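Heads up, the thing below is written out as structure tokens.
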Amino acid sequence: MTPRVQDAISWRRPRRPRRGVRESTGAATGLVRAAVDLALSIANGNAPAGDVSSLGDEAPRVPRDPAAPVPELPCVVVGGTADWLPAGAEGAELWAARSRTWIALPGEARDVELDRATLALRSLTLAPGEDGPWTLDSPCRATLAGPGTDVLVEGSWLAVAWLGHLAGWPDPGPPARPDGEPCA
């Protein structure tokens with residue numbers, strides 16, 4: 001089985017927030033109740049026939065094909081300037097695969113290939129309106145700069161970390177809050 005993206009990246013991953021005693025006890029009690037309900041349903045012949053995927057989301061995995069992106073991890077262009085970026089192209093999606101990085105421009109049949117070797121991460125912050133805590137799913141904003149390129153993208157922290165891992169960018173540490181304060 002291919003590794004989960006968060007296990008493949010080289011950037012330091014956020015710690016899971018600690019649950020309080022009350023939250024942990026409530027979660028354990030709910031799990032016991034669900035197990036008892038399921039056991040009673042099976043005993044009565046009323047076991048659910050549906051799939052069990054709703055019991056927990058599977059973390060995104062690294063695709064076997066080096067040219068394939070992780071479908072759950074796009075970033076969206078929310079601003080900036082670039083030679084290849086037409087006016088009003090906000091909403092274009094930035095994708096990263098092991099062998100390539102590209103922008104899918106909305107309404108156009110072409111993709112713009114990016115050279116990761118010439119791009120650098122200039123800033124990483126939580127998206128406006130996000131205060132934390134910093135998690136794999138935290139919406140973040142990243143400023144990417146290179147020759148003729150200065151774009152602002154938004155995506156989950158894991159999407160930006162995947163791109164940064166593939167590009168070989170150094171770990172920037174936790175994203176800052178939009179007000180500039182460090183995020184824990």
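In the structure tokens, chains take letters A, B, ... by order of appearance, with residues numbered from 1 within each chain and ligands from 1 in the order shown.
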
Task: Test item: residues at most 10 Å from A:Glu90, only C-alpha atoms, excluding those fewer than 2 positions along its chain, as a PyMOL selection string - done: chain A and resi 76-80+85-88+92-93+105-106+151-153

With N, CA and C atoms kept, could you save the residues just selected as a PDB file, in the first residue's frame?
```
ATOM      1  N   VAL A  76      -5.562  26.795  -4.525  1.00  0.00           N
ATOM      2  CA  VAL A  76      -6.278  27.695  -5.419  1.00  0.00           C
ATOM      3  C   VAL A  76      -5.538  29.028  -5.466  1.00  0.00           C
ATOM      4  N   VAL A  77      -5.331  29.561  -6.663  1.00  0.00           N
ATOM      5  CA  VAL A  77      -4.692  30.866  -6.820  1.00  0.00           C
ATOM      6  C   VAL A  77      -5.704  31.933  -6.401  1.00  0.00           C
ATOM      7  N   VAL A  78      -5.322  32.750  -5.419  1.00  0.00           N
ATOM      8  CA  VAL A  78      -6.226  33.804  -4.938  1.00  0.00           C
ATOM      9  C   VAL A  78      -5.707  35.199  -5.255  1.00  0.00           C
ATOM     10  N   GLY A  79      -4.546  35.288  -5.893  1.00  0.00           N
ATOM     11  CA  GLY A  79      -4.013  36.584  -6.281  1.00  0.00           C
ATOM     12  C   GLY A  79      -2.584  36.464  -6.774  1.00  0.00           C
ATOM     13  N   GLY A  80      -2.055  37.594  -7.194  1.00  0.00           N
ATOM     14  CA  GLY A  80      -0.672  37.626  -7.618  1.00  0.00           C
ATOM     15  C   GLY A  80      -0.510  38.019  -9.071  1.00  0.00           C
ATOM     16  N   LEU A  85      -0.107  34.220 -16.036  1.00  0.00           N
ATOM     17  CA  LEU A  85      -1.393  34.321 -15.342  1.00  0.00           C
ATOM     18  C   LEU A  85      -2.259  35.403 -15.982  1.00  0.00           C
ATOM     19  N   PRO A  86      -3.309  35.007 -16.707  1.00  0.00           N
ATOM     20  CA  PRO A  86      -4.167  36.026 -17.305  1.00  0.00           C
ATOM     21  C   PRO A  86      -4.913  36.814 -16.229  1.00  0.00           C
ATOM     22  N   ALA A  87      -5.284  38.030 -16.545  1.00  0.00           N
ATOM     23  CA  ALA A  87      -6.042  38.855 -15.603  1.00  0.00           C
ATOM     24  C   ALA A  87      -7.334  38.134 -15.242  1.00  0.00           C
ATOM     25  N   GLY A  88      -7.672  38.179 -13.972  1.00  0.00           N
ATOM     26  CA  GLY A  88      -8.901  37.545 -13.518  1.00  0.00           C
ATOM     27  C   GLY A  88      -8.822  36.033 -13.439  1.00  0.00           C
ATOM     28  N   ALA A  92      -7.783  29.631 -10.357  1.00  0.00           N
ATOM     29  CA  ALA A  92      -7.003  28.595 -11.032  1.00  0.00           C
ATOM     30  C   ALA A  92      -6.471  27.644  -9.958  1.00  0.00           C
ATOM     31  N   GLU A  93      -6.366  26.372 -10.292  1.00  0.00           N
ATOM     32  CA  GLU A  93      -5.897  25.389  -9.319  1.00  0.00           C
ATOM     33  C   GLU A  93      -4.435  25.047  -9.552  1.00  0.00           C
ATOM     34  N   LEU A 105      -5.727  26.455 -15.528  1.00  0.00           N
ATOM     35  CA  LEU A 105      -6.418  27.735 -15.672  1.00  0.00           C
ATOM     36  C   LEU A 105      -7.892  27.494 -15.956  1.00  0.00           C
ATOM     37  N   PRO A 106      -8.782  28.198 -15.256  1.00  0.00           N
ATOM     38  CA  PRO A 106     -10.214  27.989 -15.476  1.00  0.00           C
ATOM     39  C   PRO A 106     -10.634  28.450 -16.876  1.00  0.00           C
ATOM     40  N   VAL A 151       2.781  34.657  -6.837  1.00  0.00           N
ATOM     41  CA  VAL A 151       1.380  34.266  -6.691  1.00  0.00           C
ATOM     42  C   VAL A 151       1.053  33.919  -5.251  1.00  0.00           C
ATOM     43  N   LEU A 152      -0.189  34.156  -4.908  1.00  0.00           N
ATOM     44  CA  LEU A 152      -0.731  33.839  -3.598  1.00  0.00           C
ATOM     45  C   LEU A 152      -1.693  32.685  -3.785  1.00  0.00           C
ATOM     46  N   VAL A 153      -1.435  31.572  -3.096  1.00  0.00           N
ATOM     47  CA  VAL A 153      -2.304  30.398  -3.209  1.00  0.00           C
ATOM     48  C   VAL A 153      -2.876  30.065  -1.843  1.00  0.00           C
TER      49      VAL A 153
END
```

Task: Interatomic distance (Å, one decimal) between atom CA of A:Arg13 and atom CA of A:Asp150 - done: 26.1 Å

What are the closest atom pairs, with distances in Å to one decimal, for all residues of stretch 83-120 of chain A lying within 7 Å of stretch 131-149 of chain A? Consider only C-alpha atoms, order rows by chain and residue number, and present the result as a Markdown table.
```
| residue | atom | partner | partner_atom | distance |
| --- | --- | --- | --- | --- |
| A:Asp83 | CA | A:Gly148 | CA | 5.8 |
| A:Thr118 | CA | A:Gly146 | CA | 5.5 |
| A:Leu119 | CA | A:Gly146 | CA | 4.5 |
| A:Ala120 | CA | A:Ala145 | CA | 5.4 |
```

Open item on the list: Using only C-alpha atoms, can you tell me which of A:Leu166, A:Ala8, A:Met1, A:Ala109 comes closest to A:Trp95?
Closed with: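 Looking at the shortest contact to A:Trp95, the residue is A:Leu166.
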
Open item on the list: According to DSSP computed on the backbone, where in stretch 35-179 of chain A is there helix (DSSP H, G or I)? Give the residues as a ChimeraX atom specification.
Closed with: /A:35-43,53-55,116-118,157-167

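Going from atom CA of A:Pro128 to atom CA of A:Arg61 covers 27.9 Å.
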
Open item on the list: Quick check, in Å to one decimal: how far apart do atom CA of A:Arg15 and atom CA of A:Pro174 lie?
Closed with: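 Separating atom CA of A:Arg15 from atom CA of A:Pro174 is a distance of 10.6 Å.
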
Open item on the list: If we count only C-alpha atoms and set the cut-off at 12 Å, which residues sit around A:Ala167, ignoring sequence neighbours fewer than 6 positions away in its own chain? Please answer as a PyMOL selection string.
Closed with: chain A and resi 9-11+96-101+114-121+144+160-161
